[in-house]
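Undergrad: This structure is in structure tokens; I'll ask about it shortly.
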Amino acid sequence: MRDVSSGRSRGTGTPLSCHGPASAPRPRGRRSAPWGCGVGVPAPHCPPGDTDWGSHHSQGCRTGGGSHHPRGHGEGVPPLLGLQSWGSRHPPAPGDMEWGSHLPQGCRARVPPPHHPTGHGAGALPDRALVNCQYSMATFSTGERKRRPHGDRKSSEMTLHLKQTFEAAILTELYPRSQIDIYVQILQADGGNYCACVNAATLAVIDAGIPMRDYVCASSAGFVEDTALADLSYVEEASGGPQAALALLPTSGQIALLQMDSRLHEDHLEAVIEAASGACRAVHAVLDGVVRDHVREVTALLGD
Amino acid sequence: MAAVRLSEAEKLYIVHGVQEDLRVDGRGCEDYRCAEVETDVVSNTSGSARVKLGHTDILVGVKAEMGTPKLEKPDEGYLEFFVDCSANATPEFEGRGGEELGTEIANTLYRIFSSEGSVDLKSLCINPREHCWVLYVDVLLLECGGNLFDAISIAVKAALFNTRIPKVRVLEDEEGSKEIELSDDPYDCIRLNVDDVPCIVTLSKIGYRHVVDATLQEEACSLASLLIAVTSKGALTCMKKIGKGSLDPESIFEMMETGKRVGKSLHISLQKILDEEESLGTTRQKVGFLG
């Protein structure tokens, strides 16, 4: 049981429980209390048997968007430039994921443990958890410096989309009367902001140990000159053609969010959705690999 | 700042330890935590830096844009600061929660850089009274682990060191209208001289002694802190007392002396790292802001 008086971070060498996705049995461990739950404050409002504060390690993976490579012909599934996962930082908070490549697109997500609902918003729901998202973009993320006040139209819309996506995926019935926060920050924008956020947030939620139905993988897709393109970069998005964003639960093939801008003939819709789904599955393979590596590493550290 | 709750026993432990020059993580009172500084992490900017001081994580991006000089200083460019406390750092910063802290930090940065000679603003002028470079320095707080001001000032100095402002030429027409031409070579740029850019040293008073680079727990035990901005030559450009406690004038002088000493060595180490990074050039292994 958590040591009530200790609030000090334990420093290195205390890998704690690792979490697989969904409902794998989780070894409990002691850990320094992350922010959000305070020091020594026992877990309130969390359903019995399923509480865990999230692993002490954070990890992310880095992939490149398609923007580095010339499109060429064909579907243009994004070549994943490089996959790097890094382990153990000890954030004071669990569930911290970073997603994105070094150059074009970078996004960071953080998920603190489920907690009592804070003041703003609807308040506690009696049968499930409230999913609260916040999306923000750094001022230097785009080519042009733009100061974005919190709560402007674009952030609110993105926030709503993220909320909708994750409510479909997270098993909120397991956390009644609690609130799950997902904070996403875009550090570098190069097209596909929403998709990068969803992918980062998926990893963050997994790292926090919050059970989900499936990974949520997202990708954008467009249609240019009779070819469906997956994972559009900023230049491709700005060119004004039709673009779709798709968030998919890969194993079941269920679509959590589908959004399309501009005009597209319905004959082409299928091709576009196919392209996006293909990209989502590729992303799923990457995410899955990263999570499994991380779990393997942590289990090895735990010495089981 | 993010609040951390400590029991009385823990506070006593910290305070007694500090009296013996032994802090919780084994440092002495004048030691900084292990800091990681990396420049050129964001590609969209003219200059950027990331600093990780213990758990505190700061990302600074500098963008150079053309603007009109201020009326009272027609032959100088200027700097604009903006500090964004992201919700990633603490849930308290969600929505507009971090605005107050952000404004406080931005105002402190403005005061520090308002002193003459910290940055050569005349080099930012293109055409007196008409065009000048405006450097927008955007600070993003990714994680709050105590000692924000120090980390931010180190990151700002590193980012300014890394800033590359494109060289422009002013062409004058027969009618007298001026055109600005950007040089063709993307590597042709002017760099800022950051030798006189000050760094902030925060000294927190705990018990009878003061500590440099306090963690969140130590900040919770300290009633008053002194923020001083020190240049590499040891000159003080700005001083501010924060916190709800009060300080004895003698302690203030002592803290100033410590601050100057610590500040000078901080500048030396920082400059060494920046020069090292610079000399590696493109062969440098980049960790980036995702590391």
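Residue numbering restarts at 1 in every chain; chains get A, B, ... in the order shown in the structure tokens, and ligands count up from 1 in that same order.
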For chain B, list the residues within 8 Å of chain A, counting only C-alpha atoms, and write the list as a ChimeraX atom specification.

TA: /B:4-7,10,41-45,55,61-63,84,86-88,90-91,94-96,138,140,217,288-291

Undergrad: Quick one: pick out all strand (DSSP E or B) residues within stretch 122-175 of chain B from a backbone DSSP run and write them as a PyMOL selection string.

TA: chain B and resi 125-127+131-143+164-166+168-172

Undergrad: Could you write those residues out with C-alpha atoms, as a compact mmCIF listing (two decimals), in the first residue's frame?

TA:
```txt
# COMPACT_ATOMS: atom_id res chain seq x y z
CA CYS B 125 17.66 47.15 -37.35
CA ILE B 126 17.23 47.05 -41.12
CA ASN B 127 15.98 50.50 -41.96
CA HIS B 131 11.98 48.05 -40.78
CA CYS B 132 13.58 46.01 -38.11
CA TRP B 133 13.73 42.43 -36.94
CA VAL B 134 11.39 41.48 -34.15
CA LEU B 135 12.40 38.36 -32.29
CA TYR B 136 9.41 36.52 -30.88
CA VAL B 137 10.66 34.33 -28.08
CA ASP B 138 8.06 31.70 -27.21
CA VAL B 139 8.59 29.66 -24.09
CA LEU B 140 6.67 26.45 -23.62
CA LEU B 141 6.55 24.83 -20.21
CA LEU B 142 6.39 21.11 -20.78
CA GLU B 143 6.91 19.98 -17.24
CA ARG B 164 19.91 32.55 -37.26
CA ILE B 165 18.46 35.68 -38.78
CA PRO B 166 18.61 35.82 -42.57
CA VAL B 168 18.70 41.19 -45.95
CA ARG B 169 19.71 43.94 -48.28
CA VAL B 170 17.83 47.12 -48.76
CA LEU B 171 17.54 48.24 -52.36
CA GLU B 172 16.48 51.74 -53.09
```

Undergrad: Could you give me, as an NGL selection string, the residues within 8 Å of stretch 107-110 of chain B, counting only C-alpha atoms and dropping anything in the same chain fewer than 5 positions from it?

TA: :B and (80-81 or 153)

Undergrad: Find the distance between atom CA of B:Leu79 and atom CA of B:Leu121 and write it in Å to one decimal.

TA: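 Between these atoms lies a distance of 8.6 Å.
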
Undergrad: Any idea what's packed within 9 Å of B:Leu53, counting only C-alpha atoms, ignoring anything in its chain fewer than 4 positions away? Could you give it as a PDB file with all heavy atoms, in the first residue's frame?

TA:
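Output file part.pdb is given in full below:
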```pdb
ATOM      1  N   TYR B  32      23.567  22.812  -8.848  1.00  0.00           N
ATOM      2  CA  TYR B  32      22.430  22.663  -9.747  1.00  0.00           C
ATOM      3  C   TYR B  32      22.188  21.181  -9.998  1.00  0.00           C
ATOM      4  O   TYR B  32      23.088  20.370  -9.858  1.00  0.00           O
ATOM      5  CB  TYR B  32      22.732  23.332 -11.100  1.00  0.00           C
ATOM      6  CG  TYR B  32      22.284  24.761 -11.168  1.00  0.00           C
ATOM      7  CD1 TYR B  32      23.129  25.794 -10.808  1.00  0.00           C
ATOM      8  CD2 TYR B  32      21.007  25.080 -11.599  1.00  0.00           C
ATOM      9  CE1 TYR B  32      22.711  27.107 -10.871  1.00  0.00           C
ATOM     10  CE2 TYR B  32      20.583  26.389 -11.671  1.00  0.00           C
ATOM     11  CZ  TYR B  32      21.438  27.398 -11.297  1.00  0.00           C
ATOM     12  OH  TYR B  32      21.023  28.695 -11.358  1.00  0.00           O
ATOM     13  N   ARG B  33      20.968  20.877 -10.398  1.00  0.00           N
ATOM     14  CA  ARG B  33      20.687  19.512 -10.824  1.00  0.00           C
ATOM     15  C   ARG B  33      21.339  19.294 -12.187  1.00  0.00           C
ATOM     16  O   ARG B  33      21.752  20.254 -12.839  1.00  0.00           O
ATOM     17  CB  ARG B  33      19.185  19.298 -10.978  1.00  0.00           C
ATOM     18  CG  ARG B  33      18.461  19.116  -9.688  1.00  0.00           C
ATOM     19  CD  ARG B  33      16.969  19.146  -9.908  1.00  0.00           C
ATOM     20  NE  ARG B  33      16.513  20.491 -10.187  1.00  0.00           N
ATOM     21  CZ  ARG B  33      15.238  20.809 -10.302  1.00  0.00           C
ATOM     22  NH1 ARG B  33      14.314  19.879 -10.210  1.00  0.00           N
ATOM     23  NH2 ARG B  33      14.866  22.052 -10.544  1.00  0.00           N
ATOM     24  N   CYS B  34      21.352  18.046 -12.588  1.00  0.00           N
ATOM     25  CA  CYS B  34      21.926  17.729 -13.877  1.00  0.00           C
ATOM     26  C   CYS B  34      21.036  18.320 -14.966  1.00  0.00           C
ATOM     27  O   CYS B  34      19.851  18.060 -15.013  1.00  0.00           O
ATOM     28  CB  CYS B  34      21.979  16.218 -14.017  1.00  0.00           C
ATOM     29  SG  CYS B  34      22.766  15.726 -15.498  1.00  0.00           S
ATOM     30  N   ALA B  35      21.606  19.141 -15.810  1.00  0.00           N
ATOM     31  CA  ALA B  35      20.802  19.818 -16.820  1.00  0.00           C
ATOM     32  C   ALA B  35      21.186  19.331 -18.199  1.00  0.00           C
ATOM     33  O   ALA B  35      22.347  19.079 -18.488  1.00  0.00           O
ATOM     34  CB  ALA B  35      21.027  21.327 -16.733  1.00  0.00           C
ATOM     35  N   GLU B  36      20.182  19.197 -19.035  1.00  0.00           N
ATOM     36  CA  GLU B  36      20.449  18.849 -20.439  1.00  0.00           C
ATOM     37  C   GLU B  36      19.998  20.012 -21.282  1.00  0.00           C
ATOM     38  O   GLU B  36      18.869  20.476 -21.148  1.00  0.00           O
ATOM     39  CB  GLU B  36      19.608  17.639 -20.843  1.00  0.00           C
ATOM     40  CG  GLU B  36      20.034  16.364 -20.184  1.00  0.00           C
ATOM     41  CD  GLU B  36      19.027  15.254 -20.458  1.00  0.00           C
ATOM     42  OE1 GLU B  36      18.401  15.259 -21.538  1.00  0.00           O
ATOM     43  OE2 GLU B  36      18.861  14.426 -19.572  1.00  0.00           O
ATOM     44  N   VAL B  37      20.889  20.471 -22.134  1.00  0.00           N
ATOM     45  CA  VAL B  37      20.553  21.599 -23.004  1.00  0.00           C
ATOM     46  C   VAL B  37      20.750  21.141 -24.434  1.00  0.00           C
ATOM     47  O   VAL B  37      21.779  20.565 -24.765  1.00  0.00           O
ATOM     48  CB  VAL B  37      21.478  22.803 -22.717  1.00  0.00           C
ATOM     49  CG1 VAL B  37      21.188  23.932 -23.673  1.00  0.00           C
ATOM     50  CG2 VAL B  37      21.303  23.281 -21.285  1.00  0.00           C
ATOM     51  N   ASP B  57      11.062  20.884 -17.601  1.00  0.00           N
ATOM     52  CA  ASP B  57      11.303  20.722 -19.029  1.00  0.00           C
ATOM     53  C   ASP B  57      10.785  21.949 -19.758  1.00  0.00           C
ATOM     54  O   ASP B  57       9.609  22.270 -19.670  1.00  0.00           O
ATOM     55  CB  ASP B  57      10.530  19.480 -19.481  1.00  0.00           C
ATOM     56  CG  ASP B  57      11.084  18.916 -20.744  1.00  0.00           C
ATOM     57  OD1 ASP B  57      11.889  19.611 -21.401  1.00  0.00           O
ATOM     58  OD2 ASP B  57      10.702  17.792 -21.100  1.00  0.00           O
ATOM     59  N   ILE B  58      11.685  22.631 -20.447  1.00  0.00           N
ATOM     60  CA  ILE B  58      11.293  23.883 -21.113  1.00  0.00           C
ATOM     61  C   ILE B  58      11.687  23.793 -22.580  1.00  0.00           C
ATOM     62  O   ILE B  58      12.772  23.318 -22.908  1.00  0.00           O
ATOM     63  CB  ILE B  58      12.066  25.088 -20.509  1.00  0.00           C
ATOM     64  CG1 ILE B  58      12.025  25.070 -19.003  1.00  0.00           C
ATOM     65  CG2 ILE B  58      11.563  26.397 -21.072  1.00  0.00           C
ATOM     66  CD1 ILE B  58      10.779  25.583 -18.409  1.00  0.00           C
ATOM     67  N   GLY B 145       9.032  21.179 -12.639  1.00  0.00           N
ATOM     68  CA  GLY B 145       9.668  20.397 -11.580  1.00  0.00           C
ATOM     69  C   GLY B 145      10.448  21.259 -10.627  1.00  0.00           C
ATOM     70  O   GLY B 145      11.437  20.816 -10.051  1.00  0.00           O
ATOM     71  N   GLY B 146      10.020  22.504 -10.494  1.00  0.00           N
ATOM     72  CA  GLY B 146      10.753  23.399  -9.594  1.00  0.00           C
ATOM     73  C   GLY B 146      11.765  24.216 -10.367  1.00  0.00           C
ATOM     74  O   GLY B 146      12.301  23.784 -11.364  1.00  0.00           O
ATOM     75  N   ASN B 147      11.998  25.428  -9.878  1.00  0.00           N
ATOM     76  CA  ASN B 147      13.020  26.291 -10.463  1.00  0.00           C
ATOM     77  C   ASN B 147      12.750  26.611 -11.927  1.00  0.00           C
ATOM     78  O   ASN B 147      13.595  26.397 -12.796  1.00  0.00           O
ATOM     79  CB  ASN B 147      14.399  25.631 -10.336  1.00  0.00           C
ATOM     80  CG  ASN B 147      15.492  26.668 -10.380  1.00  0.00           C
ATOM     81  OD1 ASN B 147      15.240  27.849 -10.156  1.00  0.00           O
ATOM     82  ND2 ASN B 147      16.684  26.243 -10.702  1.00  0.00           N
ATOM     83  N   LEU B 148      11.577  27.139 -12.157  1.00  0.00           N
ATOM     84  CA  LEU B 148      11.211  27.444 -13.541  1.00  0.00           C
ATOM     85  C   LEU B 148      12.049  28.567 -14.117  1.00  0.00           C
ATOM     86  O   LEU B 148      12.474  28.505 -15.269  1.00  0.00           O
ATOM     87  CB  LEU B 148       9.742  27.866 -13.605  1.00  0.00           C
ATOM     88  CG  LEU B 148       8.734  26.757 -13.365  1.00  0.00           C
ATOM     89  CD1 LEU B 148       7.351  27.351 -13.386  1.00  0.00           C
ATOM     90  CD2 LEU B 148       8.858  25.718 -14.441  1.00  0.00           C
ATOM     91  N   ASP B 150      15.054  29.783 -13.643  1.00  0.00           N
ATOM     92  CA  ASP B 150      16.422  29.463 -14.067  1.00  0.00           C
ATOM     93  C   ASP B 150      16.414  28.699 -15.370  1.00  0.00           C
ATOM     94  O   ASP B 150      17.122  29.029 -16.322  1.00  0.00           O
ATOM     95  CB  ASP B 150      17.119  28.579 -13.018  1.00  0.00           C
ATOM     96  CG  ASP B 150      17.381  29.311 -11.739  1.00  0.00           C
ATOM     97  OD1 ASP B 150      16.645  30.263 -11.441  1.00  0.00           O
ATOM     98  OD2 ASP B 150      18.318  28.936 -11.026  1.00  0.00           O
ATOM     99  N   ALA B 151      15.601  27.651 -15.398  1.00  0.00           N
ATOM    100  CA  ALA B 151      15.564  26.817 -16.600  1.00  0.00           C
ATOM    101  C   ALA B 151      15.131  27.638 -17.800  1.00  0.00           C
ATOM    102  O   ALA B 151      15.690  27.515 -18.894  1.00  0.00           O
ATOM    103  CB  ALA B 151      14.621  25.647 -16.378  1.00  0.00           C
ATOM    104  N   ASP B 213      18.564  26.369  -7.125  1.00  0.00           N
ATOM    105  CA  ASP B 213      17.878  25.323  -7.887  1.00  0.00           C
ATOM    106  C   ASP B 213      17.037  24.427  -6.977  1.00  0.00           C
ATOM    107  O   ASP B 213      17.327  23.251  -6.787  1.00  0.00           O
ATOM    108  CB  ASP B 213      18.899  24.473  -8.669  1.00  0.00           C
ATOM    109  CG  ASP B 213      18.227  23.541  -9.659  1.00  0.00           C
ATOM    110  OD1 ASP B 213      17.058  23.810 -10.012  1.00  0.00           O
ATOM    111  OD2 ASP B 213      18.843  22.551 -10.068  1.00  0.00           O
TER     112      ASP B 213
END
```

Undergrad: Could you work out how far atom CA of B:Arg191 lies from atom CA of B:Asn162, giving the answer in Å with one decimal?

TA: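 It comes out at 7.6 Å.
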
Undergrad: Could you tell me how far atom CA of A:Ala244 lies from atom CA of A:Tyr215, in Å and to one decimal?

TA: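 Computing it gives 19.7 Å between the two atoms.
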
Undergrad: Select, from A:Phe223, A:Phe166, A:Tyr194, A:Tyr175, the residue with the minimum atom-to-atom distance to A:Glu274, counting only C-alpha atoms.

TA: A:Phe223

Undergrad: Between A:Arg296, A:Arg128, A:His115, A:His284, which one has atoms that come closest to A:Asp214, using only C-alpha atoms?

TA: A:His284

Undergrad: Find the spatial neighbours of B:Leu101, counting only C-alpha atoms, within a cut-off of 9 Å - ignore same-chain residues fewer than 5 positions away - and output them as a list in words.

TA: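 In the requested form, the answer reads Met1, Val83, Asp84, Cys85 and Ala106 of chain B.
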
Undergrad: From the options B:Asp248, B:Asp185, B:Asp120, B:Glu76, which residue's atoms come nearest to B:Leu226, counting only C-alpha atoms?

TA: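 Of the candidates, the smallest distance to B:Leu226 is held by B:Asp248.
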
Undergrad: Quick one: residues within 9 Å of A:Pro126, only C-alpha atoms counted, chain neighbours fewer than 3 positions away excluded, as JSON, numbers by chain?

TA: {"A": [129, 176, 177, 178]}
